[in-house]
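First up is the structure itself, then whatever we jot down about it.
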Amino acid sequence: MFDTDFRTFILKLHEYFACHCDNNYTPLMGVLVVFTKTRLPLGEFFSIIWYTYKKLKINSNMENQKEDQLHKIRHTLAHILAWVIQEQDPKVQLAIGPTIDNGFYYDMLLSSALSSEELPKIEAKMKELIKGKHSMTGQEVDYAEAKKLFGDSPFKLEMIEELHRNGEKMTAYTVGKFTDLCRGGHVENTSEIDASAFKLDKLAGAYWRGSEKNPMLTRIYGLAFSSKDELDKYLTMLEEAKKRDHRKLGRELDLLVFSDLVGPGMPLFTPKGNIVREAIITFSRELNNELGFGEVHTPNINKAELFKISGHYDKYKEDMLSVVSQYAKDEMFLKPMNCPQHTQIYASNPRSYRDLPIRFSDFAVLYRDERPGELSGLTRLRSFSQDDGHDFCREDQIESEISNILEAIKKALATYKISYWMRLSLKDPNNKEKYLGSDEVWNRAEPILRKLLVDHKIEHKEAIGEAAFYGPKIDIMAVDAIGREWQISTIQLDFNMPGRFGLEYTDSDGTKKTPVMIHRALIGSPDRFMGILIEHYAGAFPTWLSPVQVVILPISEKHLEYSEEVYRKLKTAGVRVELNRDNDTLGKKIRAAKMTKVPYILIIGDKEIEASKVGVESRERGQMGAQGLEEFTKNIEAEIKDRK
RNA sequence: GCCAAUGUAGCUCAGGCAGUAGAGCAUCUCCAUGGUAAGGAGAAGGUCAUCAGUGCAAAUCUGAUCAUUGGCUCCA
């Protein structure tokens, strides 16, 4: 979305140049550097900028209009859906029918259950109504009229009361024989809707106003676009996403499995899958070392007391798995997080202001008793680990500690070639019971993170209500190859927990002070991140992450001996290599190798043996001809070392 | 936990309005010794998710349970 004036545009450009030049440049210097690099006359340079601005602005206006019309189409479709339902089920209590990214939905309380087999029939009726070229008109209604028109539905009634209380205007829109309470934003006539460009999608239950305490309504989802072409494009995109699904690829590439006997949400990593998982952990471990985190090892079971002090017991008891001892009377739990344990390592010694920051990292497996409907592949698990770390520091050290962690996260995500944006997650001031600690403490913590983001010139969005219960956080949202977003890294500023555990250090003036605790994860959970990576790369891992980096294919059995020699040499060099000894045609072996998305295939036949070479085919660069084994080894070793 | 859909061979899927199941790939054996995405022939492989009910008879109908998928809620 581009709606900005020229001045903001120039300021944004400044920011862009500053971000993309070496750090030491001010924005203005950034512009100048780019200007000198282009070697254009000054006037021309700025006229290009002006032209670009105009063009963006015009495109943006056109986009806006198009989006506006699409929104109207979707919104109208929601009403038409409700119309059809109301004719079928006159006792239905309608709630709301807004638009969403790919279409619309309508929430309602039906008098009898609806099966998804009914959807095509409802869809057909909607199409008929659309073809009836009904016009849609609205008129303002007063409180009494609104109650008379829509009072049958307790949900509409609730909204009417609310609108009335806030002194807002109410409008009733009518399409054909159906009238609905609505703010507006519809097409003027249903002839504007392409009946082939929408499709009723699915049924789901949804709580009224999104609260578990309210009754569950039936939600009917519909996909809607401005043309059939765009609907088809969207459906194709879904197909593509399905092909990348980490659950499907995880099985096909022999990376991980689930077993009914082991249980849901508890993945079993195969040797190949574990290579990827360990590669992720090793990289995080390296970054942790650079940041000065000392890795600790901690048990999986803890006394309840620990979590009572940390506050997790009160807040998350329902989501922890309890463990019973035959001997000890203590209530115990499998640990759902590491932070409380790390406080106990801190507390094991008196600490001086000179010792700080004290940093612990941990890759322990964590267990959370997620509700069955919440589990999903690798993205939501009952057993998982985190590349977790806790940084105990003085207040004057917060900024530099977080800056360093931010740099490490940037480095990690650049290596994985994942784009991302940052979210400043704040508490919800209207929901104070969700959080620990006083307003004063939160008012101190939140601006620190905001300032850091601004100082680092990091574009970010603020999100009210997304904070952890003990403090605000910076969350890193990864955007994968097909545009989906995932929350991965996190940096959380906690002024609460150290005090609850009575942690302290002796300051330079001899007084006891409470340290600050920074909770952080570089890529979040290695398990979950692996799922994201599988989808991001569509299973084609870069060489350093590939479970198998090279497959050797002898053309026939008589080339096996030389192939074994190549295999041994590569293996000795630390390359993950496989030799296909199967008695198949070359075509079949190549197909089999390509299906595993291996980065390199080496073909060995008479020609190669004669020349003492190997025939190289790269997944990315295609056939590369014959190379000496040493040359090939040297190149792939470098790729692995540089994490390419 | 709630709403909806799904569960047939290792994998991908047919079939089935009741009369105990099929294909392709993978696996194994034999033949073919192959030059950049499937050479040929044969064999083996299934309590049709689990448990219960109704039938002379259940993979098929009914119910419950489990698991998976898509939503809602939750996510330290």
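Here, A, B, ... name the chains of the structure tokens in the order displayed, residue numbers run from 1 inside each chain, and ligands are numbered from 1 in the same displayed order.
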*asked:* Residues within 12 Å of range 3-16 of chain B, please, as a VMD selection string. Count only C-alpha atoms (C1' of nucleotides); anything in the same chain fewer than 5 positions from it doesn't count.
replied: (chain A and resid 107 109 113 to 119 201 to 207 215 to 221 248 to 249 251 to 254 373) or (chain B and resid 21 to 27 44 to 46 48 to 50 58 to 60 66 to 73)
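Residue-level DSSP output for range 397-447 of chain A, from the backbone, shows strand (DSSP E or B) at Ser419, Tyr420, Trp421, Met422, Arg423, Leu424, Ser425 and Leu426 of chain A.
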*Find the distance between CA of Gly185 in chain A and CA of Leu231 in chain A and write it in Å to one decimal.*
21.3 Å
*Have a look at A:Val614, A:Val577, A:Ala364, A:Val92 and name the one nearest to Ile555 in chain A; count only C-alpha atoms.*
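Comparing A:Val614, A:Val577, A:Ala364, A:Val92 against Ile555 in chain A, the winner is A:Val614.
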_Residues flagged helix (DSSP H, G or I) by DSSP in range 41-248 of chain A, as number ranges by chain_ = A: 42-88, 116-131, 143-150, 154-165, 190-192, 195-197, 208-210, 228-244, 246-248
*Distance C1' of C74 in chain B-CA of Leu381 in chain A, one decimal place?*
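That distance, rounded to one decimal, is 13.5 Å.
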_Using only C-alpha atoms (C1' of nucleotides), can you tell me which of B:A43, B:A52, B:C75, B:C61 comes closest to C30 in chain B?_
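Answer, going by the shortest atom-to-atom distance: B:A43.
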*Tell me which protein, DNA and RNA residues are within 12 Å of range 145-162 of chain A, counting only C-alpha atoms (C1' of nucleotides), leaving out same-chain ones fewer than 3 positions away, and put them as number ranges by chain.*
A: 86, 90-97, 107-110, 139-142, 165-174, 178-183, 207-209, 214-217
*Name the residues in contact with Thr99 in chain A at a cut-off of 8 Å, using only C-alpha atoms (C1' of nucleotides), excluding same-chain residues fewer than 4 positions from it; report them as a count of residues only.*
7
*Might you pull out every residue within 8 Å of Leu378 in chain A, with only C-alpha atoms (C1' of nucleotides) counted and same-chain residues fewer than 3 positions away left off, and present them as a ChimeraX atom specification?*
/A:246-247,265,267,381,527-528,530-531
For the selection you just gave me, I'd like the residues written to a file as a CSV table (one decimal), in the first residue's frame, keeping C-alpha atoms.
```csv
chain,number,residue,atom,x,y,z
A,246,HIS,CA,6.7,-29.9,5.7
A,247,ARG,CA,4.6,-32.9,6.9
A,265,GLY,CA,2.7,-33.8,18.8
A,267,PRO,CA,8.0,-36.1,16.3
A,381,LEU,CA,4.3,-29.7,19.3
A,527,ASP,CA,12.2,-28.4,15.6
A,528,ARG,CA,9.6,-25.8,14.5
A,530,MET,CA,13.1,-27.1,10.6
A,531,GLY,CA,9.5,-27.3,9.5
```
